[in-house]
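Trainee: One structure, pasted below without further comment.
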Amino acid sequence: MQMDERSVKGQLVIEAKNLTKRFGKQLVFKDVNFKIDDGEFISLVGPNGSGKTTLVKIIMGMEKKTDGELLMDKSQTVGYVPQFRNVDIDYPLDIESFVRLNLKFTMNPKKRAENNEIIKQILEKTRLTHLRKRPLGLASGGEKQKAYLAQALLNDPQILILDESTASLDVEVKMQLMDLVQELNQKYNLTVIFITHDYDLTKKYTHRALFFENNTIKPISVDEISEAMFE
Amino acid sequence: MSFLSHTLSEIGFAGASFGILIGISPLAGMILFTMVSSVAVGSLSSESSRREASISAISSLFIGLGILFLSLSSESSSYATNILFGSIVGISSKEVHQLMILSLVVIVIFIVFYKPLAFDSFDHIGARSAGLPTRMLSIAFLVTLALSVSIGAQIVGSLLVFILLTLPGATAKYLVHSVPKLIMVSVGLSLAGVWLGLYLAFVTNWPVTFFISAFEVIAYFLGLTYKNWKLNH
Ligand SMILES: Nc1ncnc2c1ncn2[C@@H]1O[C@H](COP(=O)(O)OP(=O)(O)O)[C@@H](O)[C@H]1O
Ligand SMILES: [Mg+2]
């Protein structure tokens with residue numbers, strides 16, 4: 001990944017030029033072009049297996065692109081809430097300790113105090129303060145997602161990627177989580193990339209979408225988003 | 001984790017008997033076998049369920065190998081019982097020094113990698129997403145586990161070393177919910193079991209291993225009872 005001259009803060013965050021990804025012989029997407037701007041709340045929609053998770057993994061540097069270019073400022077940090085997590089009912093850590101896992105280690109007492117302050121603020125931001133001692137395995141689906149979100153936000157990222165974080169949540173809980181993400185997007189100008197199969201949430205919260213279909217990715221506006229894209 | 005400790009104990013048993021067969025010390029044979037297999041397992045592809053299945057198949061082979069090595073070597077069978085059941089009171093002061101140095105190595109690796117190891121162990125997917133070198137960490141983890149198995153086997157024997165490595169940790173999970181507390185409680189339970197076991201063995205002349213395992217198993221069930229009680233209140 002290299003630095004693009006337009007990707008100064010305040011403008012372009014990510015740009016794909018003729019981006020192509022294959023797993024062996026299997027084509028995921030080919031010659032894809034799109035841009036994501038700073039402070040955007042953009043959704044990635046399209047059928048299962050169309051390459052949404054793969055694209056964000058390429059953005060994260062967890063997968064390699066096959067061809068083309070992905071331009072982004074390397075100094076930007078990305079917070080990623082992955083699609084699958086192995087947290088079962090016996091999971092031992094409480095919510096605060098789980099969020100803490102993402103802190104850097106330090107022996108310096110001053111830094112430690114700073115870290116405690118950061119944890120306190122993140123738990124407040126994500127409305128988890130009163131739940132911080134609850135074992136994560138016993139938390140509800142919405143509380144778990146908030147904990148994942150809190151952990152991903154710990155290092156103060158400029159880009160937040162949510163991979164189907166609202167799947168399997170009740171409508172009300174979904175809305176709460178999305179209100180929270182929207183607040184972060186508006187207050188802190190956080191760029192949000194939201195992978196979803198939920199038509200209503202896409203319409204209500206996102207500015208724009210990337211539509212994945214037939215090995216391509218098409219940028220579309222909110223008005224162009226139709227229910228048919230979620231079937 | 002408990003699965004791996006068990007397998008490493010079996011591999012350790014084969015390593016110790018191999019050590020006896022070729023005339024190096026059982027400890028050296030054990031470290032050799034457990035280290036090589038840890039690095040091999042750590043470098044295997046990441047699919048963990050497939051990985052566990054293949055480890056499980058390999059571990060049966062290692063028990064067989066251990067028995068073969070022992071029968072091929074000319075040493076008396078008391079050696080075999082020493083390896084399997086440990087011989088804490090029979091350890092020489094030279095061996096004590098070796099074990100101390102090895103323990104120190106484990107502690108140093110543990111301190112250096114404490115944060116990322118904790119992240120990777122308690123939230124592997126999160127650690128990967130945060131960009132941690134999880135492959136390298138899993139090797140570091142397995143190497144310390146291999147060393148711990150080798151050290152523990154000298155004390156309680158390779159058949160029961162996995163009790164000390166897994167049960168106190170499993171008990172701690174029922175009692176406390178932060179990383180430092182989990183470490184303190186599980187280390188505390190291990191130490192309590194070993195010390196109490198030694199004392200009771202001295203008084204009664206029954207095997208140490210019996211008392212240690214009885215203590216850890218009782219603590220485990222008490223922990224489980226406590227957790228269930230708390231869930232209902
Ligand atoms: N590591 C991988 N190796 C091989 N194929 C993969 C890998 N990851 C994903 N795929 C394949 O790539 C395609 C896109 O997957 P994915 O990005 O997970 O889709 P989505 O998130 O849109 O449901 C699927 O056909 C999937 O099977
Ligand atoms: Mg996906």
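Numbering starts fresh at 1 for the residues of each chain in the structure tokens, the chains themselves are lettered A, B, ... in the order given, and ligands are numbered from 1 as they appear.
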Which chain A residues have any atom within 6 Å of an atom of chain B, and for each, what is the nearest pair of atoms with distance in Å to one decimal, counting only C-alpha atoms, rows sorted by chain and number, as a Markdown table?
Mentor:
```
| residue | atom | partner | partner_atom | distance |
| --- | --- | --- | --- | --- |
| A:Pro92 | CA | B:Lys173 | CA | 5.3 |
| A:Leu93 | CA | B:His177 | CA | 4.5 |
| A:Asp94 | CA | B:His177 | CA | 5.2 |
| A:Ser97 | CA | B:Ser178 | CA | 5.4 |
| A:Leu101 | CA | B:Phe119 | CA | 5.0 |
| A:Phe105 | CA | B:Lys115 | CA | 5.6 |
```
Trainee: Let me have all residues with an atom within 12 Å of ligand 1, counting only C-alpha atoms and all ligand atoms, laid out as a ChimeraX atom specification.
Mentor: /A:21-29,44-58,62-64,82-84,162-164,194-197,210-217,230 /B:45-47
Trainee: Enter the distance from atom CA of A:Asp223 to atom CA of A:Met178, in Å, rounded to one decimal.
Mentor: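 Separation between atom CA of A:Asp223 and atom CA of A:Met178: 19.7 Å.
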Trainee: Let's see if you can do this: from backbone DSSP, list all helix (DSSP H, G or I) residues in stretch 184-215 of chain A, as an mmCIF file with C-alpha atoms, in the first residue's frame.
Mentor:
```cif
data_model
loop_
_atom_site.group_PDB
_atom_site.id
_atom_site.type_symbol
_atom_site.label_atom_id
_atom_site.label_comp_id
_atom_site.auth_asym_id
_atom_site.auth_seq_id
_atom_site.Cartn_x
_atom_site.Cartn_y
_atom_site.Cartn_z
ATOM 1 C CA LEU A 184 -19.345 8.406 16.807
ATOM 2 C CA ASN A 185 -19.494 9.129 13.097
ATOM 3 C CA GLN A 186 -20.958 12.596 13.610
ATOM 4 C CA LYS A 187 -19.173 13.689 16.777
ATOM 5 C CA TYR A 188 -15.683 12.419 15.964
ATOM 6 C CA TYR A 199 -32.236 -2.906 4.169
ATOM 7 C CA ASP A 200 -33.829 -0.647 6.777
ATOM 8 C CA LEU A 201 -30.584 0.076 8.592
ATOM 9 C CA THR A 202 -28.806 0.835 5.339
ATOM 10 C CA LYS A 203 -31.502 3.308 4.328
ATOM 11 C CA LYS A 204 -31.732 4.908 7.733
ATOM 12 C CA TYR A 205 -28.111 5.317 8.709
#
```
Trainee: List the spatial neighbours of B:Ile31 as a PyMOL selection string - criterion: any atom at most 9 Å away, only C-alpha atoms, same-chain residues fewer than 5 positions off excluded.
Mentor: chain B and resi 12+15-16+26+36+146-147+149-151
Trainee: Keeping only N, CA, C and O atoms, take the residues you just selected and write them out as a compact mmCIF listing (two decimals), in the first residue's frame.
Mentor:
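Saved the output as result-v8.txt:
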```
# COMPACT_ATOMS: atom_id res chain seq x y z
N GLY B 12 5.91 -35.78 25.70
CA GLY B 12 6.98 -35.68 26.69
C GLY B 12 7.39 -37.05 27.22
O GLY B 12 8.57 -37.34 27.39
N GLY B 15 9.48 -38.61 24.69
CA GLY B 15 10.78 -37.95 24.68
C GLY B 15 11.66 -38.43 25.81
O GLY B 15 12.86 -38.69 25.63
N ALA B 16 11.06 -38.57 27.00
CA ALA B 16 11.85 -39.01 28.15
C ALA B 16 12.37 -40.43 27.94
O ALA B 16 13.54 -40.72 28.21
N PRO B 26 16.43 -38.02 30.74
CA PRO B 26 15.02 -37.98 30.36
C PRO B 26 14.52 -36.56 30.16
O PRO B 26 13.75 -36.29 29.25
N VAL B 36 10.27 -29.61 19.62
CA VAL B 36 10.16 -29.85 18.18
C VAL B 36 8.70 -29.96 17.78
O VAL B 36 8.25 -29.35 16.81
N ALA B 146 5.52 -26.24 26.20
CA ALA B 146 6.39 -27.43 26.12
C ALA B 146 7.36 -27.45 27.29
O ALA B 146 7.56 -28.48 27.94
N LEU B 147 7.96 -26.30 27.58
CA LEU B 147 8.89 -26.23 28.71
C LEU B 147 8.17 -26.51 30.02
O LEU B 147 8.68 -27.24 30.88
N VAL B 149 5.50 -28.27 30.48
CA VAL B 149 5.20 -29.70 30.56
C VAL B 149 6.44 -30.47 31.02
O VAL B 149 6.37 -31.32 31.91
N SER B 150 7.59 -30.14 30.43
CA SER B 150 8.82 -30.86 30.78
C SER B 150 9.17 -30.65 32.24
O SER B 150 9.61 -31.58 32.93
N ILE B 151 9.02 -29.41 32.72
CA ILE B 151 9.34 -29.12 34.11
C ILE B 151 8.35 -29.84 35.04
O ILE B 151 8.74 -30.54 35.98
```
Trainee: For A:Gln121, work out the shell of residues within 12 Å, counting only C-alpha atoms and skipping chain neighbours fewer than 5 positions away, then give it as an NGL selection string.
Mentor: :A and (96 or 99 or 114-116 or 126-129 or 150-151 or 153-154 or 156)
Trainee: Atom CA of B:Val194 and atom CA of B:Phe210, how far apart in Å?
Mentor: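 Here the two named atoms are 10.5 Å from each other.
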Trainee: Using DSSP secondary structure from the backbone, list all strand (DSSP E) positions within stretch 60-220 of chain A, as a VMD selection string.
Mentor: chain A and resid 67 to 72 78 to 81 159 to 163 191 to 195 208 to 213 216 to 220
Trainee: Quick one: write out the picked residues with C-alpha atoms as a JSON list (two decimals), in the first residue's frame?
Mentor:
```json
[["chain", "number", "residue", "atom", "x", "y", "z"],
["A", 67, "ASP", "CA", -4.11, -7.16, -8.80],
["A", 68, "GLY", "CA", -4.74, -3.43, -9.09],
["A", 69, "GLU", "CA", -4.21, -0.78, -6.47],
["A", 70, "LEU", "CA", -5.59, 0.07, -3.08],
["A", 71, "LEU", "CA", -4.51, 3.55, -2.05],
["A", 72, "MET", "CA", -4.73, 4.60, 1.54],
["A", 78, "VAL", "CA", -8.43, 1.05, 11.42],
["A", 79, "GLY", "CA", -10.70, -0.45, 14.06],
["A", 80, "TYR", "CA", -12.24, -3.70, 12.89],
["A", 81, "VAL", "CA", -15.16, -5.59, 14.43],
["A", 159, "ILE", "CA", -11.80, 4.20, 10.22],
["A", 160, "LEU", "CA", -14.23, 1.77, 11.84],
["A", 161, "ILE", "CA", -15.27, -1.40, 10.03],
["A", 162, "LEU", "CA", -18.31, -3.32, 11.26],
["A", 163, "ASP", "CA", -18.74, -6.76, 9.68],
["A", 191, "THR", "CA", -15.30, 6.99, 8.85],
["A", 192, "VAL", "CA", -17.59, 3.96, 9.15],
["A", 193, "ILE", "CA", -17.68, 0.99, 6.79],
["A", 194, "PHE", "CA", -20.72, -1.09, 7.64],
["A", 195, "ILE", "CA", -21.28, -4.56, 6.15],
["A", 208, "ARG", "CA", -23.94, 5.64, 0.42],
["A", 209, "ALA", "CA", -23.31, 2.00, -0.42],
["A", 210, "LEU", "CA", -20.99, -0.28, -2.32],
["A", 211, "PHE", "CA", -23.07, -2.97, -3.99],
["A", 212, "PHE", "CA", -21.33, -6.33, -4.51],
["A", 213, "GLU", "CA", -22.65, -8.45, -7.36],
["A", 216, "THR", "CA", -17.98, -6.38, -9.34],
["A", 217, "ILE", "CA", -18.49, -3.66, -6.78],
["A", 218, "LYS", "CA", -20.71, -0.74, -7.72],
["A", 219, "PRO", "CA", -20.88, 2.53, -5.74],
["A", 220, "ILE", "CA", -24.52, 3.58, -5.34]]
```
Trainee: Counting only C-alpha atoms and all ligand atoms, figure out which residue out of A:Ser165, A:Asn102, A:Asn18, A:Thr66 gets nearest to ligand 2.
Mentor: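 The answer is A:Ser165, which sits nearest to ligand 2.
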Trainee: Work out how far apart atom CA of A:Arg85 and atom CA of A:Val173 are and give it in Å to one decimal.
Mentor: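 According to the coordinates, atom CA of A:Arg85 and atom CA of A:Val173 are separated by 18.7 Å.
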Trainee: Identify, on the basis of only C-alpha atoms, every residue whose closest approach to stretch 6-10 of chain B does not exceed 6 Å; exclude the query and any residue fewer than 5 positions from it along the same chain; express the result as a PDB file with N, CA and C atoms, in the first residue's frame.
Mentor:
```pdb
ATOM      1  N   SER B  59      -0.668 -38.058  18.745  1.00  0.00           N
ATOM      2  CA  SER B  59      -0.325 -38.285  20.147  1.00  0.00           C
ATOM      3  C   SER B  59      -0.429 -39.764  20.528  1.00  0.00           C
ATOM      4  N   ILE B  63       2.543 -42.267  22.445  1.00  0.00           N
ATOM      5  CA  ILE B  63       2.475 -43.170  23.605  1.00  0.00           C
ATOM      6  C   ILE B  63       3.112 -44.503  23.226  1.00  0.00           C
ATOM      7  N   SER B 158       4.656 -37.403  33.804  1.00  0.00           N
ATOM      8  CA  SER B 158       4.057 -36.906  32.566  1.00  0.00           C
ATOM      9  C   SER B 158       2.580 -37.281  32.474  1.00  0.00           C
ATOM     10  N   PHE B 162      -0.565 -32.684  33.087  1.00  0.00           N
ATOM     11  CA  PHE B 162      -1.609 -31.878  32.457  1.00  0.00           C
ATOM     12  C   PHE B 162      -2.680 -31.450  33.467  1.00  0.00           C
TER      13      PHE B 162
END
```
Trainee: Have a look at A:Val181, A:Leu103, A:Ala167, A:Val222 and name the one nearest to ligand 2; count only C-alpha atoms and all ligand atoms.
Mentor: A:Ala167
